[in-house]
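This report refers to the structure that appears directly beneath it.
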Amino acid sequence: LKRSKIFAKLENKMLIYNLILYIIYILIFPYVLLKRISNSEEWQYRLAKKKLPIQDGKSVWFHCASVGEVNAVVPLVKKFRETHSENIYFSTMTLTGFNRASVVFANDDKIIPFIIPLDIKHLVRKIIKQIKPNLLVLIETELWFNLINEVSKCNGIATETQMAHRGIYGHGYRNNYCKIVLINGRLSELSFKRYAKIKWLLQVILRKIDKIGAKSAEDKERFIRLGANNVELTGNIKFAISLPKFDKWNIRQALHLTKENIITIGSSRPGEEKLVIDLLHYLKRCNIDIQIILAPRHLHRLSEIENLLKRNDVNYQKLSAIQEQSTDYDILLVDKMGELIMAYAISDLAIVGGSFYNFGGHNPLEPAFYGIPIIMGKYHQNCQESIDSLVKAKAGKIVEKEKLSEEVKFLLQNKELMKQMGANGKQVLLENRKSLDRNLELIEKFCCH
């Protein structure tokens with residue numbers, strides 16, 4: 001009876017949510033129609049037009065947001081695969097995440113990467129009908145209400161009579177229960193405040209998730225305050241990352257990165273490219289032998305960034321246009337997707353962007369994996385736990401944008417300090433590898449047997 005009341009309450013609230021979504025969908029329909037006509041693979045996925053391979057046997061569905069989350073969860077998925085024969089469907093929210101997943105899982109034909117459809121009820125039902133999941137594993141904060149609600153209708157929340165009445169089996173759902181878990185659960189302070197405004201809906205959605213594994217005590221507390229009653233602390237799987245090896249010196253030679261000091265600015269956001277230019281000019285005035293790799297977060301800003309570099313008389317080359325004669329430049333502009341990890345790996349110092357202006361910061365663990373010392377700005381709320389751990393271990397520094405040039409100069413003139421910072425970062429990752437096992441154990445409790 002209690003579950004029936006929860007089910008009815010949620011259905012009423014979901015009516016409001018879906019009404020709002022359909023209004024938005026109607027407003028953007030001309031754009032969606034253009035994308036559909038273009039027949040791009042991305043929008044075939046987003047509109048649930050792309051047929052996924054149908055495989056016999058039970059299925060586990062992993063879902064995460066983008067490249068950073070894909071990189072973080074790959075070791076867990078591969079370790080899961082060692083002891084499980086289930087088919088794995090692996091969805092991402094972004095095209096870049098999908099591209100990354102397609103590369104890292106290319107050698108396993110039982111792992112099917114795809115881009116998740118828009119969180120519109122009929123689109124979500126289409127994809128569930130294809131996958132027929134036995135377990136849905138959400139990563140971090142992927143709280144898509146229709147996805148969770150529709151999957152949970154085979155999760156024991158509704159009785160078989162209720163499911164039959166609503167035509168669930170008629171939509172091709174399995175006549176068994178699909179469990180839902182959320183691992184590496186993250187709620188930044190900003191996300192918590194936003195979700196608190198819709199707690200009336202979120203609370204019931206959270207209770208449809210069988211177990212939430214929070215990555216920190218603060219995240220656990222925030223989930224509980226929003227109404228979740230099934231949360232445990234499992235740690236941050238991002239600390240268990242496994243990234244490819246690179247031949248540092250051969251790559252530097254091929255890219256004509258011949259100066260003594262190579263700095264990568266990763267995932268730069270608006271305003272931060274000007275900081276890079278100021279940094280370059282300052283270091284050259286100080287007679288420091290320097291080249292900078294600049295990797296913007298969003299490639300659609302490339303023309304804007306190129307214009308800025310030209311206006312400031314910066315000698316730069318684009319990664320896609322490196323030629324044999326491109327031997328003398330100051331900034332290498334990364335204009336291709338998926339190259340940031342390589343850039344970090346061949347650098348002497350990493351400056352992680354999105355953190356000097358209020359964009360929340362990006363993943364500092366990728367340079368730490370390669371033993372590269374790290375600088376970030378003060379806006380790092382999206383990766384608070386990661387950078388806090390690195391700063392505490394003296395592997396990274398938080399620097400005000402006004403002090404960036406001076407701090408970089410100081411580090412470049414203290415090579416032993418940089419070497420020690422890099423070693424400290426690798427040690428942080430080594431000490432936190434148990435988080436992968438704890439999250440894997442959580443999945444095992446709800447997996448198909």
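Residues are referred to by chain and number: the chain letter is A, B, ... according to the order shown in the structure tokens, the number counts from 1 in that chain, and ligands are numbered separately from 1 in the order shown.
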
Surrounding residues of region 189-198 of chain A excluding itself and chain neighbours under 4 positions, 12 Å, only C-alpha atoms, as a CSV table (one decimal) with C-alpha atoms, in the first residue's frame:
chain,number,residue,atom,x,y,z
A,13,LYS,CA,4.3,15.1,-10.1
A,14,MET,CA,5.8,13.6,-13.3
A,16,ILE,CA,3.8,18.4,-14.2
A,17,TYR,CA,7.4,17.7,-15.1
A,140,GLU,CA,27.7,11.2,-10.4
A,141,THR,CA,24.7,13.6,-10.9
A,142,GLU,CA,22.9,12.1,-13.9
A,143,LEU,CA,19.5,12.5,-12.3
A,145,PHE,CA,13.7,12.1,-14.1
A,202,LEU,CA,13.4,15.1,-6.5
A,203,GLN,CA,12.7,13.4,-3.2
A,204,VAL,CA,10.4,10.8,-4.7
A,205,ILE,CA,12.8,10.3,-7.7
A,206,LEU,CA,15.8,9.7,-5.3
A,218,GLU,CA,29.5,16.3,2.2
A,219,ASP,CA,27.8,14.8,-0.9
A,220,LYS,CA,26.2,12.1,1.2
A,221,GLU,CA,24.7,14.7,3.6
A,222,ARG,CA,23.4,16.7,0.6
A,223,PHE,CA,21.6,13.7,-0.9
A,224,ILE,CA,20.0,12.9,2.4
A,225,ARG,CA,18.9,16.5,2.9
A,226,LEU,CA,17.2,16.3,-0.5
A,227,GLY,CA,15.2,13.2,0.6
A,358,ASN,CA,33.3,31.2,-12.1
A,359,PHE,CA,32.9,28.1,-14.3
A,360,GLY,CA,33.4,25.6,-11.5
A,379,TYR,CA,36.5,28.6,-8.7
A,380,HIS,CA,36.8,24.9,-8.4
A,381,GLN,CA,33.5,23.8,-6.8
A,382,ASN,CA,32.8,21.2,-9.4
A,383,CYS,CA,36.0,19.3,-8.5
A,384,GLN,CA,36.3,20.4,-4.8

*Shell around His300 (chain A) at 12 Å using only C-alpha atoms, local window under 4 positions removed, as a list in words*: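 In the requested form, the answer reads Arg269, Pro270, Pro296, Glu304, Ile305, Glu306, Asp335, Lys336 and Met337 of chain A.
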
_DSSP strand (DSSP E) residues within region 348-434 of chain A, listed as a PyMOL selection string_ = chain A and resi 349-352+374-376+396-398

*For Ala240 (chain A), which residue out of A:Asn184, A:Lys419, A:Tyr22, A:Phe410 is the nearest one, using only C-alpha atoms?*
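For Ala240 (chain A), the nearest of the candidates is A:Asn184.
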
List every residue of region 179-262 of chain A that has an atom at most 12 Å from any atom of region 289-294 of chain A, and for each one report the closest atom pair and its distance in Å to one decimal, counting only C-alpha atoms, with rows sorted by chain and then by increasing residue number, as a tab-separated table.
residue	atom	partner	partner_atom	distance
A:Arg252	CA	A:Gln291	CA	10.9
A:Leu255	CA	A:Ile293	CA	10.5
A:His256	CA	A:Gln291	CA	9.8
A:Leu257	CA	A:Gln291	CA	6.9
A:Thr258	CA	A:Gln291	CA	8.0
A:Lys259	CA	A:Ile290	CA	5.5
A:Glu260	CA	A:Asp289	CA	5.5
A:Asn261	CA	A:Ile290	CA	4.8
A:Ile262	CA	A:Gln291	CA	5.1

*Residues flagged helix (DSSP H, G or I) by DSSP in region 227-302 of chain A, as a ChimeraX atom specification*: /A:237-240,248-254,272-285,299-302

*When distances are computed from only C-alpha atoms, which of A:Val60, A:Ala395, A:Leu34, A:Leu123 shows the smallest separation from Ala368 (chain A)?*
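Answer, going by the shortest atom-to-atom distance: A:Ala395.
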
*Find the distance between CA of Trp61 (chain A) and CA of Tyr89 (chain A) and write it in Å to one decimal.*
4.7 Å
